[in-house]
>>> print(open('entry_4.pdb').read())   # PDB, C-alpha atoms
ATOM      1  CA  MET A   1      21.401   3.360 -19.557
ATOM      2  CA  ARG A   2      20.465   3.265 -15.882
ATOM      3  CA  VAL A   3      17.410   1.150 -15.132
ATOM      4  CA  VAL A   4      15.534   0.846 -11.822
ATOM      5  CA  ILE A   5      13.754  -2.479 -11.336
ATOM      6  CA  ALA A   6      10.924  -3.054  -8.852
ATOM      7  CA  GLY A   7      10.840  -6.615  -7.600
ATOM      8  CA  GLY A   8      14.582  -6.771  -8.100
ATOM      9  CA  HIS A   9      15.013 -10.252  -6.613
ATOM     10  CA  GLY A  10      12.354 -11.910  -8.743
ATOM     11  CA  GLN A  11      13.392 -14.564 -11.223
ATOM     12  CA  ILE A  12      12.726 -12.437 -14.302
ATOM     13  CA  ALA A  13      14.337  -9.405 -12.676
ATOM     14  CA  LEU A  14      17.555 -11.281 -11.865
ATOM     15  CA  LEU A  15      17.789 -12.521 -15.445
ATOM     16  CA  LEU A  16      17.171  -8.998 -16.741
ATOM     17  CA  GLU A  17      19.864  -7.625 -14.445
ATOM     18  CA  GLN A  18      22.357 -10.114 -15.867
ATOM     19  CA  LEU A  19      21.504  -9.075 -19.420
ATOM     20  CA  LEU A  20      21.812  -5.380 -18.614
ATOM     21  CA  ALA A  21      25.159  -5.880 -16.878
ATOM     22  CA  THR A  22      26.469  -7.882 -19.841
ATOM     23  CA  ARG A  23      25.701  -5.086 -22.279
ATOM     24  CA  GLY A  24      27.107  -2.373 -20.029
ATOM     25  CA  ASP A  25      23.922  -0.891 -18.594
ATOM     26  CA  ALA A  26      23.488  -0.167 -14.892
ATOM     27  CA  ALA A  27      20.595  -1.604 -12.904
ATOM     28  CA  THR A  28      19.337  -0.604  -9.471
ATOM     29  CA  ALA A  29      17.164  -3.298  -7.900
ATOM     30  CA  LEU A  30      14.517  -2.491  -5.283
ATOM     31  CA  VAL A  31      14.578  -5.387  -2.823
ATOM     32  CA  ARG A  32      12.557  -5.778   0.372
ATOM     33  CA  ASN A  33      14.745  -8.431   2.030
ATOM     34  CA  PRO A  34      18.422  -7.603   2.719
ATOM     35  CA  ASP A  35      19.195 -11.334   2.692
ATOM     36  CA  HIS A  36      18.674 -11.182  -1.079
ATOM     37  CA  PHE A  37      21.267  -8.502  -1.732
ATOM     38  CA  SER A  38      24.020 -10.981  -2.604
ATOM     39  CA  ASP A  39      21.893 -12.600  -5.341
ATOM     40  CA  VAL A  40      21.250  -9.191  -6.893
ATOM     41  CA  GLN A  41      24.929  -8.264  -6.718
ATOM     42  CA  GLU A  42      25.894 -11.558  -8.376
ATOM     43  CA  ALA A  43      23.486 -10.667 -11.192
ATOM     44  CA  GLY A  44      25.370  -7.423 -11.711
ATOM     45  CA  ALA A  45      22.906  -4.952 -10.191
ATOM     46  CA  VAL A  46      23.001  -2.607  -7.195
ATOM     47  CA  PRO A  47      20.448  -3.595  -4.536
ATOM     48  CA  VAL A  48      18.641  -1.034  -2.386
ATOM     49  CA  LEU A  49      16.291  -1.803   0.490
ATOM     50  CA  CYS A  50      12.768  -0.770  -0.456
ATOM     51  CA  ASP A  51       9.457  -2.404   0.442
ATOM     52  CA  LEU A  52       6.922  -1.048  -2.021
ATOM     53  CA  GLU A  53       4.051  -2.100   0.247
ATOM     54  CA  SER A  54       5.117   0.416   2.888
ATOM     55  CA  ALA A  55       7.216   2.953   0.945
ATOM     56  CA  THR A  56       6.103   6.451  -0.002
ATOM     57  CA  VAL A  57       6.102   7.900  -3.494
ATOM     58  CA  ASP A  58       8.813  10.378  -2.490
ATOM     59  CA  SER A  59      11.116   7.691  -1.083
ATOM     60  CA  VAL A  60      10.826   5.563  -4.230
ATOM     61  CA  ALA A  61      11.245   8.607  -6.474
ATOM     62  CA  ALA A  62      14.577   9.234  -4.743
ATOM     63  CA  TYR A  63      15.859   5.910  -6.077
ATOM     64  CA  LEU A  64      14.547   6.752  -9.541
ATOM     65  CA  ASN A  65      16.142  10.180  -9.806
ATOM     66  CA  GLY A  66      18.516  10.282 -12.764
ATOM     67  CA  ALA A  67      17.383   6.931 -14.165
ATOM     68  CA  ASP A  68      16.635   6.400 -17.848
ATOM     69  CA  ALA A  69      13.935   3.754 -17.385
ATOM     70  CA  ALA A  70      11.846   1.929 -14.809
ATOM     71  CA  VAL A  71      10.713  -1.693 -14.921
ATOM     72  CA  PHE A  72       7.939  -3.038 -12.706
ATOM     73  CA  ALA A  73       8.605  -6.766 -12.334
ATOM     74  CA  ALA A  74       7.275  -7.298  -8.813
ATOM     75  CA  GLY A  75       4.569  -9.750  -7.839
ATOM     76  CA  ALA A  76       3.048 -11.137  -4.678
ATOM     77  CA  GLY A  77       3.565 -14.687  -5.905
ATOM     78  CA  ALA A  78       1.556 -17.868  -5.616
ATOM     79  CA  GLY A  79      -0.037 -18.551  -2.253
ATOM     80  CA  SER A  80       0.326 -14.952  -1.110
ATOM     81  CA  GLY A  81      -3.361 -14.372  -0.443
ATOM     82  CA  ALA A  82      -5.817 -11.854  -1.847
ATOM     83  CA  ALA A  83      -4.684  -8.921   0.288
ATOM     84  CA  ARG A  84      -1.079  -9.027  -0.918
ATOM     85  CA  LYS A  85      -2.115  -9.440  -4.524
ATOM     86  CA  ASP A  86      -3.918  -6.121  -4.169
ATOM     87  CA  THR A  87      -1.080  -4.360  -2.335
ATOM     88  CA  VAL A  88       1.712  -5.681  -4.596
ATOM     89  CA  ASP A  89       0.330  -6.511  -8.032
ATOM     90  CA  PHE A  90      -1.814  -3.371  -8.056
ATOM     91  CA  GLY A  91      -0.781  -1.059  -5.220
ATOM     92  CA  ALA A  92       2.972  -1.345  -5.646
ATOM     93  CA  ALA A  93       2.672  -0.975  -9.413
ATOM     94  CA  ALA A  94       0.652   2.220  -9.061
ATOM     95  CA  LEU A  95       3.072   3.632  -6.494
ATOM     96  CA  PHE A  96       6.088   2.813  -8.670
ATOM     97  CA  ALA A  97       4.478   4.525 -11.666
ATOM     98  CA  SER A  98       3.730   7.590  -9.549
ATOM     99  CA  ALA A  99       7.321   7.656  -8.345
ATOM    100  CA  ALA A 100       8.637   7.398 -11.901
ATOM    101  CA  ALA A 101       6.472  10.328 -12.953
ATOM    102  CA  GLU A 102       7.648  12.372  -9.967
ATOM    103  CA  ALA A 103      11.291  11.596 -10.754
ATOM    104  CA  GLY A 104      10.860  12.448 -14.437
ATOM    105  CA  VAL A 105      11.604   8.910 -15.639
ATOM    106  CA  ARG A 106       9.497   8.584 -18.767
ATOM    107  CA  ARG A 107      10.317   5.072 -20.048
ATOM    108  CA  PHE A 108       8.272   2.590 -18.046
ATOM    109  CA  LEU A 109       7.863  -1.146 -18.593
ATOM    110  CA  GLN A 110       5.240  -3.080 -16.663
ATOM    111  CA  VAL A 111       5.123  -6.862 -16.495
ATOM    112  CA  SER A 112       1.505  -7.991 -16.449
ATOM    113  CA  THR A 113      -0.057 -11.296 -17.493
ATOM    114  CA  VAL A 114      -2.198 -12.893 -20.158
ATOM    115  CA  GLY A 115      -5.769 -13.815 -19.276
ATOM    116  CA  ILE A 116      -6.860 -10.489 -17.845
ATOM    117  CA  GLU A 117      -9.980 -10.500 -19.997
ATOM    118  CA  SER A 118     -11.242 -13.545 -18.067
ATOM    119  CA  ALA A 119     -10.815 -11.977 -14.626
ATOM    120  CA  ASP A 120     -14.589 -11.785 -14.055
ATOM    121  CA  SER A 121     -15.393 -15.225 -15.447
ATOM    122  CA  PRO A 122     -17.096 -17.542 -12.932
ATOM    123  CA  SER A 123     -15.035 -20.407 -14.341
ATOM    124  CA  VAL A 124     -11.776 -18.874 -13.061
ATOM    125  CA  ASP A 125     -10.421 -20.014  -9.708
ATOM    126  CA  PRO A 126     -11.357 -17.279  -7.179
ATOM    127  CA  GLU A 127      -7.817 -16.772  -5.912
ATOM    128  CA  PHE A 128      -6.444 -16.536  -9.456
ATOM    129  CA  ALA A 129      -9.254 -14.122 -10.332
ATOM    130  CA  VAL A 130      -8.029 -11.793  -7.581
ATOM    131  CA  TYR A 131      -4.581 -11.841  -9.183
ATOM    132  CA  LEU A 132      -5.982 -11.121 -12.644
ATOM    133  CA  LYS A 133      -8.107  -8.258 -11.301
ATOM    134  CA  ALA A 134      -5.082  -6.738  -9.551
ATOM    135  CA  LYS A 135      -3.030  -6.911 -12.758
ATOM    136  CA  ARG A 136      -5.930  -5.415 -14.707
ATOM    137  CA  ALA A 137      -6.227  -2.570 -12.208
ATOM    138  CA  ALA A 138      -2.487  -1.910 -12.517
ATOM    139  CA  GLU A 139      -2.795  -1.708 -16.300
ATOM    140  CA  ASP A 140      -5.802   0.613 -16.047
ATOM    141  CA  ASP A 141      -3.877   2.833 -13.641
ATOM    142  CA  LEU A 142      -0.833   3.042 -15.918
ATOM    143  CA  LYS A 143      -2.467   3.682 -19.281
ATOM    144  CA  PRO A 144      -3.706   7.266 -18.661
ATOM    145  CA  ARG A 145      -0.387   8.377 -17.173
ATOM    146  CA  ASP A 146       1.955  10.717 -19.004
ATOM    147  CA  LEU A 147       4.694   8.100 -19.258
ATOM    148  CA  ASP A 148       6.284   6.308 -22.208
ATOM    149  CA  TRP A 149       4.871   2.996 -21.063
ATOM    150  CA  THR A 150       4.794  -0.484 -22.534
ATOM    151  CA  ILE A 151       2.829  -3.296 -20.905
ATOM    152  CA  LEU A 152       4.150  -6.820 -21.418
ATOM    153  CA  ARG A 153       1.802  -9.747 -20.831
ATOM    154  CA  PRO A 154       3.760 -13.021 -20.794
ATOM    155  CA  GLY A 155       2.042 -16.361 -21.143
ATOM    156  CA  PRO A 156       2.454 -19.044 -18.454
ATOM    157  CA  LEU A 157       6.051 -18.898 -17.255
ATOM    158  CA  VAL A 158       8.504 -21.798 -17.333
ATOM    159  CA  ASN A 159      12.098 -22.126 -16.169
ATOM    160  CA  ASP A 160      13.468 -23.791 -19.296
ATOM    161  CA  PRO A 161      16.641 -22.408 -20.905
ATOM    162  CA  PRO A 162      16.114 -19.388 -23.175
ATOM    163  CA  THR A 163      15.107 -20.147 -26.735
ATOM    164  CA  GLY A 164      15.673 -16.672 -28.143
ATOM    165  CA  LEU A 165      12.543 -17.221 -30.233
ATOM    166  CA  VAL A 166       9.209 -15.603 -29.408
ATOM    167  CA  THR A 167       5.880 -14.366 -30.680
ATOM    168  CA  LEU A 168       5.157 -10.800 -29.563
ATOM    169  CA  ALA A 169       1.926  -9.127 -30.598
ATOM    170  CA  ALA A 170      -1.060  -7.112 -29.500
ATOM    171  CA  PRO A 171      -3.628  -9.172 -27.561
ATOM    172  CA  ARG A 172      -4.729 -11.837 -27.906
ATOM    173  CA  LEU A 173      -2.327 -14.615 -28.784
ATOM    174  CA  PRO A 174      -3.183 -18.318 -28.581
ATOM    175  CA  ARG A 175      -2.364 -19.573 -25.108
ATOM    176  CA  ALA A 176       1.207 -20.864 -24.847
ATOM    177  CA  SER A 177       4.087 -20.746 -22.398
ATOM    178  CA  VAL A 178       7.237 -18.632 -22.408
ATOM    179  CA  THR A 179      10.542 -19.024 -20.580
ATOM    180  CA  ARG A 180      11.398 -16.484 -17.918
ATOM    181  CA  ALA A 181      14.732 -15.994 -19.658
ATOM    182  CA  ASP A 182      12.990 -15.035 -22.883
ATOM    183  CA  VAL A 183      10.744 -12.597 -20.994
ATOM    184  CA  ALA A 184      13.866 -10.951 -19.584
ATOM    185  CA  ALA A 185      15.405 -10.761 -23.059
ATOM    186  CA  VAL A 186      12.295  -9.080 -24.449
ATOM    187  CA  LEU A 187      12.267  -6.565 -21.579
ATOM    188  CA  ALA A 188      15.893  -5.698 -22.301
ATOM    189  CA  GLU A 189      15.013  -5.050 -25.950
ATOM    190  CA  LEU A 190      11.890  -3.055 -25.094
ATOM    191  CA  LEU A 191      13.906  -0.526 -23.104
ATOM    192  CA  ASN A 192      15.268   0.869 -26.379
ATOM    193  CA  ALA A 193      12.162   0.337 -28.522
ATOM    194  CA  PRO A 194      10.169   3.571 -28.891
ATOM    195  CA  ASN A 195       7.945   1.805 -31.430
ATOM    196  CA  THR A 196       6.363  -0.077 -28.527
ATOM    197  CA  ILE A 197       5.433   2.962 -26.432
ATOM    198  CA  GLY A 198       1.749   3.025 -25.552
ATOM    199  CA  LYS A 199       1.252  -0.611 -26.520
ATOM    200  CA  THR A 200       0.063  -3.661 -24.614
ATOM    201  CA  LEU A 201       1.868  -6.735 -25.940
ATOM    202  CA  GLU A 202       1.412 -10.430 -25.289
ATOM    203  CA  LEU A 203       4.411 -12.743 -25.318
ATOM    204  CA  VAL A 204       4.842 -16.478 -25.840
ATOM    205  CA  ASN A 205       7.626 -18.606 -27.228
ATOM    206  CA  GLY A 206       7.498 -18.766 -31.006
ATOM    207  CA  GLU A 207       9.709 -18.651 -34.067
ATOM    208  CA  THR A 208      10.949 -15.053 -34.299
ATOM    209  CA  PRO A 209      14.266 -13.912 -32.780
ATOM    210  CA  VAL A 210      13.691 -11.570 -29.844
ATOM    211  CA  ALA A 211      15.262  -8.477 -31.426
ATOM    212  CA  ASP A 212      13.298  -8.968 -34.643
ATOM    213  CA  ALA A 213      10.028  -9.524 -32.769
ATOM    214  CA  VAL A 214      10.457  -6.235 -30.897
ATOM    215  CA  ARG A 215      11.595  -4.331 -33.974
ATOM    216  CA  GLU A 216       8.592  -5.522 -35.989
ATOM    217  CA  ILE A 217       5.995  -4.070 -33.585
ATOM    218  CA  LEU A 218       4.198  -1.268 -35.429
TER     219      LEU A 218
END
>>> encode(input="entry_4.pdb", output="structure tokens")
Amino acid sequence: MRVVIAGGHGQIALLLEQLLATRGDAATALVRNPDHFSDVQEAGAVPVLCDLESATVDSVAAYLNGADAAVFAAGAGAGSGAARKDTVDFGAAALFASAAAEAGVRRFLQVSTVGIESADSPSVDPEFAVYLKAKRAAEDDLKPRDLDWTILRPGPLVNDPPTGLVTLAAPRLPRASVTRADVAAVLAELLNAPNTIGKTLELVNGETPVADAVREIL
């Protein structure tokens, strides 16, 4: 399988690239800073220079041509400001989905977040609310598209070692954290899980092995 990953230098993306390389799949990582190429190569992926905030649909589709799947794992990150949350967490996601459709890449995984339902709550920090609204807009943009999409909403992310044990279910799960490594493992499993197409799934650490958790989604 050849997989194209947006946000290819992100922590989850690098872990996913390592998993794909280990099992013999090929990953192309879209990276906006050439200084990060060596990290991507060490993870076993092929980096290409692509800034999704300034790229065109056609230019991104060129990288997706011939791929079997696309994974949107980009994010503006903490402290990035409201404008970049809109251009990355929403705008880049929408552009990447459009490019996948143009290139004929049907399988599409999008990393979102839990908590979207509280985006309009006055109790939510205003800057975090902007992030939630951007992720919600990206989900709303993806769902009507003619793609074999799955949306993954991880809980709060931690950098602990992988547990291999998760809870994966339709919203909403009780709030809990999940390791970035376990998110990457679930993404790797989802690529070959047609039973999850058209589903929005929340993810936290739990008691079910990753492969079983994905297989059990109905």
>>> closest_residue(input="entry_4.pdb", among="A:Val114, A:Leu14, A:Leu30, A:Leu20", to="Ala61 of chain A", atoms="all atoms listed in the file")
A:Leu30
>>> resolve_selection(input="entry_4.pdb", expression="the PyMOL selection byres ((chain A and resi 16) around 8)", output="PyMOL selection string")
chain A and resi 12-15+17-20+181+184-185+187-188
>>> residues_around(input="entry_4.pdb", residues="Arg175 of chain A", least_positions_apart="4", cutoff="9 Å", atoms="all atoms listed in the file", output="ChimeraX atom specification")
/A:114-115,155-156,204
>>> atom_distance(input="entry_4.pdb", atom1="atom CA of Gln11 of chain A", atom2="atom CA of Arg180 of chain A")
7.2 Å
>>> closest_residue(input="entry_4.pdb", among="A:Gly24, A:Gly77, A:Pro209, A:Pro174", to="Pro162 of chain A", atoms="only C-alpha atoms")
A:Pro209
>>> closest_residue(input="entry_4.pdb", among="A:Asp25, A:Asp58, A:Glu189, A:Glu216", to="Ala99 of chain A", atoms="all atoms listed in the file")
A:Asp58
>>> resolve_selection(input="entry_4.pdb", expression="the PyMOL selection byres ((chain A and resi 87) around 12)", output="NGL selection string")
:A and (51-55 or 74-77 or 80-86 or 88-96 or 130-131 or 134-135 or 137-138)
>>> residues_around(input="entry_4.pdb", residues="Gly66 of chain A", least_positions_apart="3", cutoff="10 Å", atoms="only C-alpha atoms", output="PyMOL selection string")
chain A and resi 2-4+61-63+69+103-105
>>> closest_residue(input="entry_4.pdb", among="A:Gly198, A:Pro144, A:Pro126, A:Pro47", to="Pro34 of chain A", atoms="all atoms listed in the file")
A:Pro47
>>> residues_around(input="entry_4.pdb", residues="Arg215 of chain A", least_positions_apart="6", cutoff="9 Å", atoms="all atoms listed in the file", output="ChimeraX atom specification")
/A:189-190,193,195-196
>>> atom_distance(input="entry_4.pdb", atom1="atom CA of Ser177 of chain A", atom2="atom CA of Val158 of chain A")
6.8 Å
>>> resolve_selection(input="entry_4.pdb", expression="the PyMOL selection byres ((chain A and resi 106) around 9)", output="list in words")
Asp68, Ala69, Ala70, Ala100, Ala101, Ala103, Gly104, Val105, Arg107, Phe108, Asp146, Leu147, Asp148 and Trp149 of chain A
>>> residues_around(input="entry_4.pdb", residues="Lys199 of chain A", least_positions_apart="3", cutoff="10 Å", atoms="all atoms listed in the file", output="PDB file with C-alpha atoms, keeping the file's coordinate frame")
ATOM      1  CA  LYS A 143      -2.467   3.682 -19.281  1.00  0.00           C
ATOM      2  CA  ASP A 148       6.284   6.308 -22.208  1.00  0.00           C
ATOM      3  CA  TRP A 149       4.871   2.996 -21.063  1.00  0.00           C
ATOM      4  CA  THR A 150       4.794  -0.484 -22.534  1.00  0.00           C
ATOM      5  CA  ILE A 151       2.829  -3.296 -20.905  1.00  0.00           C
ATOM      6  CA  LEU A 152       4.150  -6.820 -21.418  1.00  0.00           C
ATOM      7  CA  ALA A 169       1.926  -9.127 -30.598  1.00  0.00           C
ATOM      8  CA  ALA A 170      -1.060  -7.112 -29.500  1.00  0.00           C
ATOM      9  CA  PRO A 171      -3.628  -9.172 -27.561  1.00  0.00           C
ATOM     10  CA  ASN A 195       7.945   1.805 -31.430  1.00  0.00           C
ATOM     11  CA  THR A 196       6.363  -0.077 -28.527  1.00  0.00           C
ATOM     12  CA  GLU A 202       1.412 -10.430 -25.289  1.00  0.00           C
ATOM     13  CA  ILE A 217       5.995  -4.070 -33.585  1.00  0.00           C
ATOM     14  CA  LEU A 218       4.198  -1.268 -35.429  1.00  0.00           C
TER      15      LEU A 218
END
>>> residues_around(input="entry_4.pdb", residues="Glu117 of chain A", least_positions_apart="6", cutoff="10 Å", atoms="only C-alpha atoms", output="PyMOL selection string")
chain A and resi 132-133+136+171-172
>>> closest_residue(input="entry_4.pdb", among="A:Val124, A:Ala45, A:Ala73, A:Leu157", to="Ala6 of chain A", atoms="all atoms listed in the file")
A:Ala73
>>> closest_residue(input="entry_4.pdb", among="A:Ala213, A:Leu201, A:Leu142, A:Leu49", to="His36 of chain A", atoms="all atoms listed in the file")
A:Leu49
>>> build_atoms(input="entry_4.pdb", residues="segment 15-26 of chain A", atoms="all heavy atoms", output="CSV table (one decimal), in the frame of the given file")
chain,number,residue,atom,x,y,z
A,15,LEU,N,17.3,-12.2,-14.1
A,15,LEU,CA,17.8,-12.5,-15.4
A,15,LEU,C,18.0,-11.2,-16.2
A,15,LEU,O,18.9,-11.1,-17.0
A,15,LEU,CB,16.8,-13.4,-16.1
A,15,LEU,CG,16.7,-14.9,-15.6
A,15,LEU,CD1,15.4,-15.6,-16.0
A,15,LEU,CD2,17.9,-15.7,-16.0
A,16,LEU,N,17.1,-10.3,-16.1
A,16,LEU,CA,17.2,-9.0,-16.7
A,16,LEU,C,18.4,-8.3,-16.3
A,16,LEU,O,19.1,-7.7,-17.1
A,16,LEU,CB,15.9,-8.2,-16.5
A,16,LEU,CG,15.9,-6.7,-17.0
A,16,LEU,CD1,16.1,-6.7,-18.5
A,16,LEU,CD2,14.6,-6.0,-16.6
A,17,GLU,N,18.7,-8.3,-15.0
A,17,GLU,CA,19.9,-7.6,-14.4
A,17,GLU,C,21.1,-8.2,-15.1
A,17,GLU,O,22.1,-7.4,-15.4
A,17,GLU,CB,19.9,-7.8,-12.9
A,17,GLU,CG,18.8,-6.9,-12.2
A,17,GLU,CD,18.3,-7.5,-10.9
A,17,GLU,OE1,19.0,-8.3,-10.3
A,17,GLU,OE2,17.3,-7.0,-10.4
A,18,GLN,N,21.2,-9.5,-15.2
A,18,GLN,CA,22.4,-10.1,-15.9
A,18,GLN,C,22.5,-9.6,-17.3
A,18,GLN,O,23.6,-9.3,-17.7
A,18,GLN,CB,22.2,-11.6,-15.8
A,18,GLN,CG,22.3,-12.3,-14.5
A,18,GLN,CD,21.9,-13.7,-14.5
A,18,GLN,OE1,21.9,-14.4,-15.5
A,18,GLN,NE2,21.6,-14.3,-13.3
A,19,LEU,N,21.4,-9.5,-18.0
A,19,LEU,CA,21.5,-9.1,-19.4
A,19,LEU,C,22.0,-7.6,-19.5
A,19,LEU,O,22.8,-7.3,-20.3
A,19,LEU,CB,20.1,-9.2,-20.1
A,19,LEU,CG,19.6,-10.7,-20.3
A,19,LEU,CD1,18.2,-10.6,-20.8
A,19,LEU,CD2,20.5,-11.4,-21.3
A,20,LEU,N,21.4,-6.8,-18.6
A,20,LEU,CA,21.8,-5.4,-18.6
A,20,LEU,C,23.3,-5.2,-18.3
A,20,LEU,O,24.0,-4.4,-18.9
A,20,LEU,CB,20.9,-4.6,-17.6
A,20,LEU,CG,19.4,-4.5,-18.0
A,20,LEU,CD1,18.7,-3.8,-16.9
A,20,LEU,CD2,19.2,-3.8,-19.3
A,21,ALA,N,23.8,-6.0,-17.3
A,21,ALA,CA,25.2,-5.9,-16.9
A,21,ALA,C,26.1,-6.3,-18.0
A,21,ALA,O,27.1,-5.7,-18.3
A,21,ALA,CB,25.4,-6.7,-15.6
A,22,THR,N,25.7,-7.4,-18.7
A,22,THR,CA,26.5,-7.9,-19.8
A,22,THR,C,26.6,-6.9,-20.9
A,22,THR,O,27.7,-6.8,-21.6
A,22,THR,CB,25.8,-9.2,-20.4
A,22,THR,OG1,25.8,-10.2,-19.4
A,22,THR,CG2,26.6,-9.7,-21.6
A,23,ARG,N,25.6,-6.1,-21.2
A,23,ARG,CA,25.7,-5.1,-22.3
A,23,ARG,C,26.2,-3.7,-21.8
A,23,ARG,O,26.2,-2.8,-22.6
A,23,ARG,CB,24.4,-5.0,-23.0
A,23,ARG,CG,23.2,-4.3,-22.3
A,23,ARG,CD,22.0,-4.4,-23.2
A,23,ARG,NE,20.9,-3.5,-22.7
A,23,ARG,CZ,19.7,-3.4,-23.2
A,23,ARG,NH1,19.4,-4.3,-24.1
A,23,ARG,NH2,18.8,-2.6,-22.7
A,24,GLY,N,26.5,-3.6,-20.5
A,24,GLY,CA,27.1,-2.4,-20.0
A,24,GLY,C,26.1,-1.4,-19.4
A,24,GLY,O,26.5,-0.2,-19.1
A,25,ASP,N,24.9,-1.8,-19.3
A,25,ASP,CA,23.9,-0.9,-18.6
A,25,ASP,C,24.0,-1.1,-17.1
A,25,ASP,O,24.5,-2.1,-16.6
A,25,ASP,CB,22.5,-1.2,-19.1
A,25,ASP,CG,22.3,-0.8,-20.5
A,25,ASP,OD1,22.9,0.2,-21.0
A,25,ASP,OD2,21.5,-1.5,-21.2
A,26,ALA,N,23.5,-0.1,-16.4
A,26,ALA,CA,23.5,-0.2,-14.9
A,26,ALA,C,22.1,-0.4,-14.4
A,26,ALA,O,21.1,0.3,-14.8
A,26,ALA,CB,24.1,1.1,-14.3
